[in-house]
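Dumped coords_28.cif below, it's mmCIF, C-alpha atoms:
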```cif
data_upload
loop_
_atom_site.label_atom_id
_atom_site.label_comp_id
_atom_site.auth_asym_id
_atom_site.auth_seq_id
_atom_site.Cartn_x
_atom_site.Cartn_y
_atom_site.Cartn_z
CA MET W 16 24.91 -120.72 -156.30
CA GLU W 17 22.11 -122.99 -157.41
CA ILE W 18 19.71 -121.61 -160.00
CA PHE W 19 16.06 -122.64 -159.96
CA PRO W 20 14.08 -121.64 -163.03
CA ALA W 21 10.45 -121.42 -162.00
CA ILE W 22 7.31 -123.06 -163.28
CA ASP W 23 4.18 -121.67 -161.67
CA LEU W 24 1.09 -123.71 -162.47
CA LYS W 25 -2.48 -122.48 -162.70
CA ASP W 26 -5.17 -124.58 -164.37
CA GLY W 27 -2.41 -126.80 -165.74
CA LYS W 28 -0.71 -123.91 -167.54
CA VAL W 29 2.61 -122.17 -166.97
CA VAL W 30 1.86 -118.69 -165.68
CA ARG W 31 3.39 -115.83 -163.74
CA LEU W 32 1.54 -113.58 -161.34
CA THR W 33 2.49 -110.00 -160.61
CA GLN W 34 3.00 -109.36 -156.89
CA GLY W 35 1.00 -112.48 -156.08
CA ASP W 36 -2.20 -111.12 -157.63
CA TYR W 37 -4.32 -113.97 -159.00
CA ASN W 38 -6.16 -111.42 -161.15
CA CYS W 39 -2.92 -110.35 -162.82
CA VAL W 40 -1.86 -113.49 -164.70
CA ASP W 41 0.43 -113.91 -167.70
CA VAL W 42 0.14 -117.29 -169.42
CA TYR W 43 3.40 -118.47 -171.01
CA SER W 44 2.67 -122.04 -172.02
CA GLU W 45 0.00 -124.71 -171.95
CA ASN W 46 2.64 -127.45 -171.82
CA PRO W 47 4.65 -127.35 -168.57
CA VAL W 48 6.67 -130.46 -169.48
CA ASP W 49 8.00 -128.77 -172.60
CA ILE W 50 9.06 -125.77 -170.53
CA ALA W 51 10.86 -127.98 -168.00
CA LEU W 52 12.65 -129.87 -170.77
CA SER W 53 13.71 -126.59 -172.39
CA PHE W 54 15.27 -125.48 -169.11
CA ALA W 55 17.11 -128.80 -168.81
CA LYS W 56 18.38 -128.49 -172.39
CA LYS W 57 19.88 -125.10 -171.49
CA GLY W 58 21.81 -126.69 -168.63
CA ALA W 59 19.51 -126.24 -165.64
CA LYS W 60 19.73 -129.04 -163.11
CA ASN W 61 17.12 -127.66 -160.70
CA LEU W 62 13.49 -126.66 -161.00
CA HIS W 63 11.17 -124.69 -158.72
CA VAL W 64 7.52 -125.63 -159.17
CA VAL W 65 4.54 -123.98 -157.49
CA ASP W 66 0.94 -125.16 -157.62
CA LEU W 67 -0.76 -121.77 -157.45
CA ASP W 68 -4.21 -123.30 -157.36
CA GLY W 69 -3.13 -125.49 -154.47
CA ALA W 70 -1.58 -122.57 -152.61
CA ARG W 71 -4.91 -120.82 -152.64
CA ASP W 72 -7.37 -123.68 -152.17
CA GLY W 73 -5.23 -126.16 -150.22
CA LYS W 74 -5.75 -128.98 -152.72
CA LEU W 75 -3.27 -130.83 -154.95
CA SER W 76 -4.78 -129.18 -157.98
CA ASN W 77 -1.85 -129.72 -160.37
CA PHE W 78 -0.44 -132.97 -158.96
CA THR W 79 -0.77 -134.91 -162.23
CA THR W 80 1.06 -132.20 -164.14
CA ILE W 81 3.87 -132.09 -161.57
CA LYS W 82 4.15 -135.89 -161.67
CA ASP W 83 4.53 -135.68 -165.44
CA ILE W 84 7.29 -133.09 -165.09
CA ALA W 85 9.14 -135.17 -162.50
CA GLU W 86 9.00 -138.30 -164.65
CA LYS W 87 10.18 -136.64 -167.86
CA ALA W 88 12.49 -133.80 -166.88
CA LYS W 89 14.85 -135.77 -164.58
CA MET W 90 15.84 -132.65 -162.65
CA PHE W 91 16.08 -131.87 -158.95
CA ILE W 92 12.62 -130.48 -158.28
CA GLU W 93 11.34 -128.56 -155.31
CA VAL W 94 7.57 -128.18 -155.09
CA GLY W 95 5.29 -125.91 -153.10
CA GLY W 96 1.65 -124.94 -153.01
CA GLY W 97 -1.12 -126.54 -151.00
CA ILE W 98 1.07 -129.02 -149.10
CA ARG W 99 -0.54 -129.01 -145.68
CA ASP W 100 -0.47 -132.60 -144.43
CA GLU W 101 1.96 -135.52 -144.36
CA GLU W 102 0.08 -137.51 -146.98
CA ARG W 103 0.76 -134.79 -149.53
CA VAL W 104 4.41 -134.61 -148.52
CA ASN W 105 4.69 -138.34 -149.13
CA ARG W 106 2.85 -138.24 -152.43
CA TYR W 107 5.29 -135.70 -153.84
CA LEU W 108 8.37 -137.48 -152.55
CA GLU W 109 7.10 -140.77 -154.00
CA ILE W 110 6.96 -139.32 -157.53
CA GLY W 111 10.58 -138.18 -157.36
CA VAL W 112 10.34 -134.63 -156.03
CA GLY W 113 13.57 -133.80 -154.21
CA ARG W 114 12.30 -131.21 -151.78
CA VAL W 115 8.83 -130.27 -150.55
CA ILE W 116 8.12 -126.66 -149.61
CA LEU W 117 5.81 -125.94 -146.71
CA GLY W 118 4.39 -122.44 -146.70
CA THR W 119 1.06 -121.61 -145.10
CA VAL W 120 1.13 -124.60 -142.77
CA ALA W 121 4.57 -123.65 -141.46
CA ALA W 122 3.16 -120.34 -140.28
CA THR W 123 -0.15 -121.68 -138.98
CA ASP W 124 0.88 -125.04 -137.48
CA PHE W 125 4.50 -124.88 -136.38
CA ALA W 126 4.26 -128.18 -134.51
CA PHE W 127 3.40 -129.91 -137.77
CA LEU W 128 6.42 -128.33 -139.45
CA GLU W 129 8.66 -129.58 -136.65
CA ARG W 130 7.31 -133.11 -137.09
CA MET W 131 7.94 -133.02 -140.81
CA VAL W 132 11.51 -131.77 -140.34
CA ALA W 133 12.13 -134.51 -137.79
CA ALA W 134 10.77 -137.14 -140.18
CA TYR W 135 12.13 -135.96 -143.54
CA GLY W 136 15.10 -133.72 -142.75
CA GLU W 137 16.48 -131.76 -145.68
CA LYS W 138 13.64 -132.86 -147.94
CA ILE W 139 11.52 -130.26 -146.17
CA ALA W 140 11.99 -126.59 -147.04
CA VAL W 141 9.94 -123.61 -145.94
CA GLY W 142 8.61 -120.87 -148.16
CA VAL W 143 8.60 -117.55 -146.32
CA ASP W 144 6.51 -115.13 -148.35
CA ALA W 145 6.57 -111.61 -147.01
CA LYS W 146 4.90 -108.28 -147.60
CA ASP W 147 6.53 -105.41 -145.71
CA GLU W 148 8.37 -108.15 -143.78
CA LYS W 149 5.11 -109.68 -142.55
CA ILE W 150 4.34 -113.26 -143.55
CA ALA W 151 1.57 -113.85 -146.08
CA VAL W 152 -0.36 -117.13 -146.31
CA ASN W 153 -3.04 -118.86 -148.40
CA GLY W 154 -1.46 -118.06 -151.74
CA TRP W 155 -0.46 -114.60 -150.50
CA THR W 156 -4.11 -113.64 -150.09
CA LYS W 157 -3.79 -113.01 -146.33
CA VAL W 158 -1.02 -111.09 -144.52
CA THR W 159 -0.35 -112.12 -140.91
CA GLY W 160 1.34 -110.21 -138.12
CA LEU W 161 4.34 -112.57 -138.07
CA ASP W 162 7.72 -110.90 -138.52
CA SER W 163 9.41 -112.68 -141.42
CA VAL W 164 13.01 -112.29 -140.24
CA LYS W 165 12.23 -113.49 -136.71
CA PHE W 166 10.32 -116.39 -138.22
CA CYS W 167 13.36 -117.40 -140.28
CA LYS W 168 15.40 -117.53 -137.06
CA LYS W 169 12.69 -119.70 -135.51
CA LEU W 170 12.91 -122.02 -138.52
CA GLU W 171 16.68 -122.30 -138.08
CA ASN W 172 16.18 -123.29 -134.46
CA ALA W 173 13.66 -125.94 -135.55
CA GLY W 174 16.23 -127.56 -137.83
CA VAL W 175 15.04 -126.26 -141.19
CA LYS W 176 17.93 -126.26 -143.66
CA THR W 177 16.45 -124.45 -146.67
CA ILE W 178 14.26 -121.34 -146.79
CA ILE W 179 12.79 -119.82 -149.96
CA TYR W 180 12.31 -116.16 -149.07
CA THR W 181 10.07 -114.12 -151.36
CA ASP W 182 9.36 -110.42 -151.13
CA ILE W 183 5.87 -110.36 -152.63
CA SER W 184 6.11 -106.69 -153.60
CA LYS W 185 9.01 -107.57 -155.90
CA ASP W 186 7.67 -110.82 -157.36
CA GLY W 187 6.92 -110.61 -161.07
CA ALA W 188 7.38 -106.83 -161.11
CA MET W 189 10.65 -106.96 -163.10
CA GLN W 190 12.08 -104.14 -160.98
CA GLY W 191 14.75 -105.97 -159.07
CA THR W 192 14.82 -108.05 -155.93
CA ASN W 193 15.05 -106.99 -152.29
CA MET W 194 18.81 -107.30 -151.88
CA GLU W 195 18.82 -105.74 -148.43
CA ILE W 196 16.69 -108.48 -146.92
CA TYR W 197 19.09 -111.17 -148.17
CA LYS W 198 22.02 -109.29 -146.64
CA ARG W 199 20.22 -109.32 -143.30
CA LEU W 200 19.21 -112.95 -143.56
CA GLN W 201 22.68 -114.11 -144.60
CA SER W 202 24.26 -112.37 -141.63
CA GLY W 203 21.67 -113.37 -139.06
CA VAL W 204 20.25 -116.81 -139.92
CA ALA W 205 22.27 -119.99 -140.56
CA CYS W 206 20.02 -121.55 -143.20
CA ASN W 207 20.41 -122.04 -146.94
CA PHE W 208 18.44 -119.18 -148.49
CA ILE W 209 16.93 -119.23 -151.94
CA ALA W 210 16.27 -115.70 -153.16
CA SER W 211 12.94 -115.27 -154.88
CA GLY W 212 11.02 -112.35 -156.29
CA GLY W 213 11.94 -109.80 -158.92
CA ILE W 214 15.41 -111.00 -159.96
CA SER W 215 15.77 -109.48 -163.41
CA SER W 216 19.44 -108.71 -164.12
CA LEU W 217 22.83 -110.38 -164.24
CA LYS W 218 24.05 -107.68 -161.84
CA GLU W 219 21.67 -109.05 -159.21
CA ILE W 220 22.85 -112.59 -159.84
CA ARG W 221 26.42 -111.45 -159.22
CA GLU W 222 25.40 -109.60 -156.04
CA LEU W 223 23.65 -112.67 -154.68
CA LEU W 224 26.75 -114.71 -155.48
CA GLN W 225 28.90 -112.25 -153.53
CA LEU W 226 26.53 -112.48 -150.57
CA GLY W 227 26.98 -116.25 -150.54
CA VAL W 228 23.27 -116.96 -151.04
CA TYR W 229 22.66 -120.67 -151.62
CA GLY W 230 20.20 -120.31 -154.51
CA ALA W 231 18.10 -118.01 -156.66
CA ILE W 232 14.81 -118.45 -158.45
CA VAL W 233 14.44 -116.89 -161.89
CA GLY W 234 10.98 -116.67 -163.34
CA LYS W 235 9.38 -113.86 -165.26
CA ALA W 236 12.72 -112.42 -166.36
CA ILE W 237 13.59 -115.54 -168.35
CA TYR W 238 10.11 -115.89 -169.79
CA GLN W 239 10.18 -112.30 -171.02
CA GLY W 240 13.79 -112.41 -172.20
CA ALA W 241 15.29 -109.93 -169.74
CA LEU W 242 17.58 -112.77 -168.59
CA LYS W 243 18.96 -115.65 -170.60
CA LEU W 244 19.03 -118.80 -168.52
CA GLU W 245 22.26 -119.97 -170.18
CA GLU W 246 24.05 -116.76 -169.14
CA VAL W 247 22.79 -116.99 -165.56
CA LEU W 248 23.98 -120.59 -165.29
CA SER W 249 27.33 -119.72 -166.85
CA ILE W 250 28.00 -116.95 -164.32
CA CYS W 251 27.25 -119.32 -161.47
CA ARG W 252 29.53 -122.01 -162.88
CA GLN W 253 32.37 -119.52 -163.33
CA ASN W 254 32.03 -118.48 -159.70
CA GLY W 255 31.99 -122.01 -158.35
#
```
Go ahead and express the file in the form of structure tokens.
Amino acid sequence: MEIFPAIDLKDGKVVRLTQGDYNCVDVYSENPVDIALSFAKKGAKNLHVVDLDGARDGKLSNFTTIKDIAEKAKMFIEVGGGIRDEERVNRYLEIGVGRVILGTVAATDFAFLERMVAAYGEKIAVGVDAKDEKIAVNGWTKVTGLDSVKFCKKLENAGVKTIIYTDISKDGAMQGTNMEIYKRLQSGVACNFIASGGISSLKEIRELLQLGVYGAIVGKAIYQGALKLEEVLSICRQNG
């Protein structure tokens, strides 16, 4: 299983939100590059980066910071937040980002998503952010009526290879992830799933491994010390 330590960016700083609430922000560092390099030093080969400002306002608010991370960290980086047209997809790929995550636009303009998958293949992933299994958009500020599990199946049929599925109610809450939803997704949708939201124990890492989940994002738990990144990576290496 691939591990993606997370760097969420707001105003150029490394932060974590609780349950997607922009008014509930913990700031962990003012130097995102240092954080990325620290993850790499501990053995991480992947990085999950989200432009929170971009997710909410639809602009590339932290592009320069992400470019700096890509140039210096030399990791496989997936980036999401505010990517809603092909120009932005290209700009990220040109600076060395390995995978671009489409979120809001995937839910609101499915034809655009299909074009991007046709053009860029596995370099396009989709972020499915759900509250009570309904998809949320615009930086989680608006919940739609779209069923998240059915939408994942639709993404599979459109050729999407990688889906980052986040249960918003679990994200940043340090109370565990929604293991049941990953069991359902693994059995019903033939995509590579990256589990996201609330992962806070080695027990959960082992459960996700047993489920055969492709990847997991670890965020607040490593910033607050509930998980040690080295231990998480070691467990995944031991289990192939």
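With all atoms listed in the file as the atoms that count, the minimum distance from W:Ser211 to the choices W:His63, W:Lys198, W:Lys176, W:Lys89 is reached by W:His63.
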Exercise: stretch 104-111 of chain W partners within 9 Å, only C-alpha atoms, chain neighbours under 2 positions left out, as a list in words: Phe78, Ile81, Lys82, Ala85, Glu86, Lys89, Phe91, Ile92, Val94, Ile98, Arg99, Asp100, Glu101, Glu102, Gly113, Arg114, Val115, Ile116, Leu117, Met131, Lys138 and Ile139 of chain W
Please produce a file of the residues just selected, as a tab-separated table (two decimals), in the frame of the given file, where the atoms kept are C-alpha atoms.
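Saved file selection39.tsv follows:
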```
chain	number	residue	atom	x	y	z
W	78	PHE	CA	-0.44	-132.97	-158.96
W	81	ILE	CA	3.87	-132.09	-161.57
W	82	LYS	CA	4.15	-135.89	-161.67
W	85	ALA	CA	9.14	-135.17	-162.50
W	86	GLU	CA	9.00	-138.30	-164.65
W	89	LYS	CA	14.85	-135.77	-164.58
W	91	PHE	CA	16.08	-131.87	-158.95
W	92	ILE	CA	12.62	-130.48	-158.28
W	94	VAL	CA	7.57	-128.18	-155.09
W	98	ILE	CA	1.07	-129.02	-149.10
W	99	ARG	CA	-0.54	-129.01	-145.68
W	100	ASP	CA	-0.47	-132.60	-144.43
W	101	GLU	CA	1.96	-135.52	-144.36
W	102	GLU	CA	0.08	-137.51	-146.98
W	113	GLY	CA	13.57	-133.80	-154.21
W	114	ARG	CA	12.30	-131.21	-151.78
W	115	VAL	CA	8.83	-130.27	-150.55
W	116	ILE	CA	8.12	-126.66	-149.61
W	117	LEU	CA	5.81	-125.94	-146.71
W	131	MET	CA	7.94	-133.02	-140.81
W	138	LYS	CA	13.64	-132.86	-147.94
W	139	ILE	CA	11.52	-130.26	-146.17
```
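Proximity ranking of W:Thr123, W:Asn46, W:Asn172, W:Asn254 relative to W:Val204 places W:Asn172 first, based on only C-alpha atoms.
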Rounded to one decimal, what separation in Å do you get between atom CA of W:Leu62 and atom CA of W:Ala210?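 Result for atom CA of W:Leu62 versus atom CA of W:Ala210: 13.8 Å, one decimal.
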If you count only C-alpha atoms, which residues fall within 8 Å of stretch 193-195 of chain W, apart from same-chain ones fewer than 4 positions away, as a list in words?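 Listed by chain and then number, they are Asp182, Lys185, Arg199, Gly212, Gly213 and Leu223 of chain W.
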For the structure provided, state which residues fall under the PyMOL selection byres ((chain W and resi 152) around 10), and present them as a list in words. Ala70, Arg71, Gly118, Thr119, Val120, Ala121, Ala122, Thr123, Gly142, Val143, Asp144, Ala145, Lys149, Ile150, Ala151, Asn153, Gly154, Trp155, Thr156, Lys157, Val158 and Thr159 of chain W
Please report the interatomic distance between atom CA of W:Ala126 and atom CA of W:Ser163 in Å with one decimal.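 Between atom CA of W:Ala126 and atom CA of W:Ser163 the gap works out to 17.7 Å.
When atom CA of W:Gln239 is paired with atom CA of W:Val112, their separation reads 26.9 Å.
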Looking at W:Lys60, W:Lys168, W:Lys146, W:Arg252, which one is nearest to W:Gly35, with distances taken over all atoms listed in the file?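 When distances to W:Gly35 are compared using all atoms listed in the file, the smallest one comes from W:Lys146.
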Residues near W:Leu224, anyone? I mean within 10 Å using all atoms listed in the file, not counting same-chain ones fewer than 3 positions away, as a ChimeraX atom specification. /W:16-17,218-221,227-231,250-251,254-255
